[in-house]
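Student: Structure incoming, see below.
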Amino acid sequence: EAIVSYRGNPVPIFYLPKDDILLLGAAFKNGEVLGKEHIEEIQSELIHKKLSEVKPLLEGAVAFRYKPKGRIKGKLYMFTDPLCPFCHRTEKKLVELEKKYGGVELNILFFPVHLPVGKQHAIAAVCMKGWSFKDYMHRDWFERREDPDVKKLVSENQCSLGREKVEGSIIIAKKLNVRGVPYMIFEDSTGKVEEIQGADLRRLEAIFKRVNNER
């Protein structure tokens, strides 16, 4: 058994010497994935390496940040699009989980996939005067995206800082091989890193539970 990196992702390879057969992909035995622990370990290492490479740029590209009271047990970076329905659902879940468990710093970065409108909304969110993490997470732009008043508000808030933040986060997302949103990276207090692709709400809650059970 060996694990190779293909397009930034770990892929298991199995060799059966008796039959001289090379298997590419997952292998199962009694309902369990063979090599699962190795894959998860290597995947964590690959993500940690990618995160380390972009970390100097990452903090500067964060559009909105929430810091919990007390000790920070982990940091979550979420790449999102203001017009993505799955992102919207995940954002609401994050607010719910933070209220329920706490302890996790939440960081919002933009990787618009609904172009060009999604990018315009992302820039406008950054440019809105006095907007905080709470303001962004509780906005009603998603529900009112076809409202003429919202469209006017977005068009009137296209500042240079917003463009810089969004362009910066797009560059970082591409370096991380992000292919869609929502995409999240979680880093715990020990430096262990894991990625969450898509609106995996159960996994998000499991992470919040785990870090709050650790001493």
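Identifiers in the structure tokens: chain A, B, ... in order shown; residue index from 1 per chain; ligand index from 1 in order shown.
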For stretch 106-179 of chain A versus stretch 76-85 of chain A, which residues have an atom no more than 12 Å away, and what is each residue's nearest atom pair and distance in Å rounded to one decimal, using only C-alpha atoms, chain-then-number order, as JSON lines?
Tutor:
{"residue": "A:Leu106", "atom": "CA", "partner": "A:Leu76", "partner_atom": "CA", "distance": 5.1}
{"residue": "A:Asn107", "atom": "CA", "partner": "A:Tyr77", "partner_atom": "CA", "distance": 4.7}
{"residue": "A:Ile108", "atom": "CA", "partner": "A:Met78", "partner_atom": "CA", "distance": 5.1}
{"residue": "A:Leu109", "atom": "CA", "partner": "A:Phe79", "partner_atom": "CA", "distance": 4.8}
{"residue": "A:Phe110", "atom": "CA", "partner": "A:Thr80", "partner_atom": "CA", "distance": 5.0}
{"residue": "A:Phe111", "atom": "CA", "partner": "A:Thr80", "partner_atom": "CA", "distance": 5.5}
{"residue": "A:Pro112", "atom": "CA", "partner": "A:Asp81", "partner_atom": "CA", "distance": 4.6}
{"residue": "A:Val113", "atom": "CA", "partner": "A:Asp81", "partner_atom": "CA", "distance": 6.5}
{"residue": "A:His114", "atom": "CA", "partner": "A:Leu83", "partner_atom": "CA", "distance": 6.8}
{"residue": "A:Leu115", "atom": "CA", "partner": "A:Leu83", "partner_atom": "CA", "distance": 9.7}
{"residue": "A:Pro116", "atom": "CA", "partner": "A:Leu83", "partner_atom": "CA", "distance": 10.7}
{"residue": "A:Val117", "atom": "CA", "partner": "A:Leu83", "partner_atom": "CA", "distance": 8.1}
{"residue": "A:Gly118", "atom": "CA", "partner": "A:Leu83", "partner_atom": "CA", "distance": 5.6}
{"residue": "A:Lys119", "atom": "CA", "partner": "A:Asp81", "partner_atom": "CA", "distance": 7.6}
{"residue": "A:Gln120", "atom": "CA", "partner": "A:Pro82", "partner_atom": "CA", "distance": 9.3}
{"residue": "A:His121", "atom": "CA", "partner": "A:Pro82", "partner_atom": "CA", "distance": 6.3}
{"residue": "A:Ala122", "atom": "CA", "partner": "A:Pro82", "partner_atom": "CA", "distance": 6.1}
{"residue": "A:Ile123", "atom": "CA", "partner": "A:Pro82", "partner_atom": "CA", "distance": 9.9}
{"residue": "A:Ala124", "atom": "CA", "partner": "A:Pro82", "partner_atom": "CA", "distance": 10.1}
{"residue": "A:Ala125", "atom": "CA", "partner": "A:Pro82", "partner_atom": "CA", "distance": 8.7}
{"residue": "A:Val126", "atom": "CA", "partner": "A:Pro82", "partner_atom": "CA", "distance": 11.4}
{"residue": "A:Tyr136", "atom": "CA", "partner": "A:Pro82", "partner_atom": "CA", "distance": 9.3}
{"residue": "A:Met137", "atom": "CA", "partner": "A:Pro82", "partner_atom": "CA", "distance": 9.8}
{"residue": "A:His138", "atom": "CA", "partner": "A:Pro82", "partner_atom": "CA", "distance": 11.6}
{"residue": "A:Arg139", "atom": "CA", "partner": "A:Pro82", "partner_atom": "CA", "distance": 9.7}
{"residue": "A:Asp140", "atom": "CA", "partner": "A:Pro82", "partner_atom": "CA", "distance": 10.3}
{"residue": "A:Trp141", "atom": "CA", "partner": "A:Pro82", "partner_atom": "CA", "distance": 8.0}
{"residue": "A:Phe142", "atom": "CA", "partner": "A:Leu83", "partner_atom": "CA", "distance": 5.9}
{"residue": "A:Glu143", "atom": "CA", "partner": "A:Leu83", "partner_atom": "CA", "distance": 9.2}
{"residue": "A:Arg144", "atom": "CA", "partner": "A:Leu83", "partner_atom": "CA", "distance": 10.4}
{"residue": "A:Arg145", "atom": "CA", "partner": "A:Leu83", "partner_atom": "CA", "distance": 7.9}
{"residue": "A:Glu146", "atom": "CA", "partner": "A:Leu83", "partner_atom": "CA", "distance": 11.0}
{"residue": "A:Val154", "atom": "CA", "partner": "A:Pro82", "partner_atom": "CA", "distance": 11.5}
{"residue": "A:Val166", "atom": "CA", "partner": "A:Asp81", "partner_atom": "CA", "distance": 10.4}
{"residue": "A:Gly168", "atom": "CA", "partner": "A:Phe79", "partner_atom": "CA", "distance": 11.9}
{"residue": "A:Ser169", "atom": "CA", "partner": "A:Phe79", "partner_atom": "CA", "distance": 8.1}
{"residue": "A:Ile170", "atom": "CA", "partner": "A:Phe79", "partner_atom": "CA", "distance": 9.0}
{"residue": "A:Ile171", "atom": "CA", "partner": "A:Phe79", "partner_atom": "CA", "distance": 11.7}
{"residue": "A:Ile172", "atom": "CA", "partner": "A:Phe79", "partner_atom": "CA", "distance": 9.8}
{"residue": "A:Ala173", "atom": "CA", "partner": "A:Phe79", "partner_atom": "CA", "distance": 7.5}
{"residue": "A:Lys174", "atom": "CA", "partner": "A:Phe79", "partner_atom": "CA", "distance": 11.0}
{"residue": "A:Leu176", "atom": "CA", "partner": "A:Phe79", "partner_atom": "CA", "distance": 10.8}
{"residue": "A:Asn177", "atom": "CA", "partner": "A:Phe79", "partner_atom": "CA", "distance": 11.8}
{"residue": "A:Val178", "atom": "CA", "partner": "A:Phe79", "partner_atom": "CA", "distance": 8.6}
{"residue": "A:Arg179", "atom": "CA", "partner": "A:Phe79", "partner_atom": "CA", "distance": 10.6}
Student: Find the residues near stretch 184-188 of chain A: any atom within 8 Å, counting only C-alpha atoms, skip ones fewer than 2 places away on the same chain, and give them as number ranges by chain.
Tutor: A: 73-79, 182, 190-197, 211
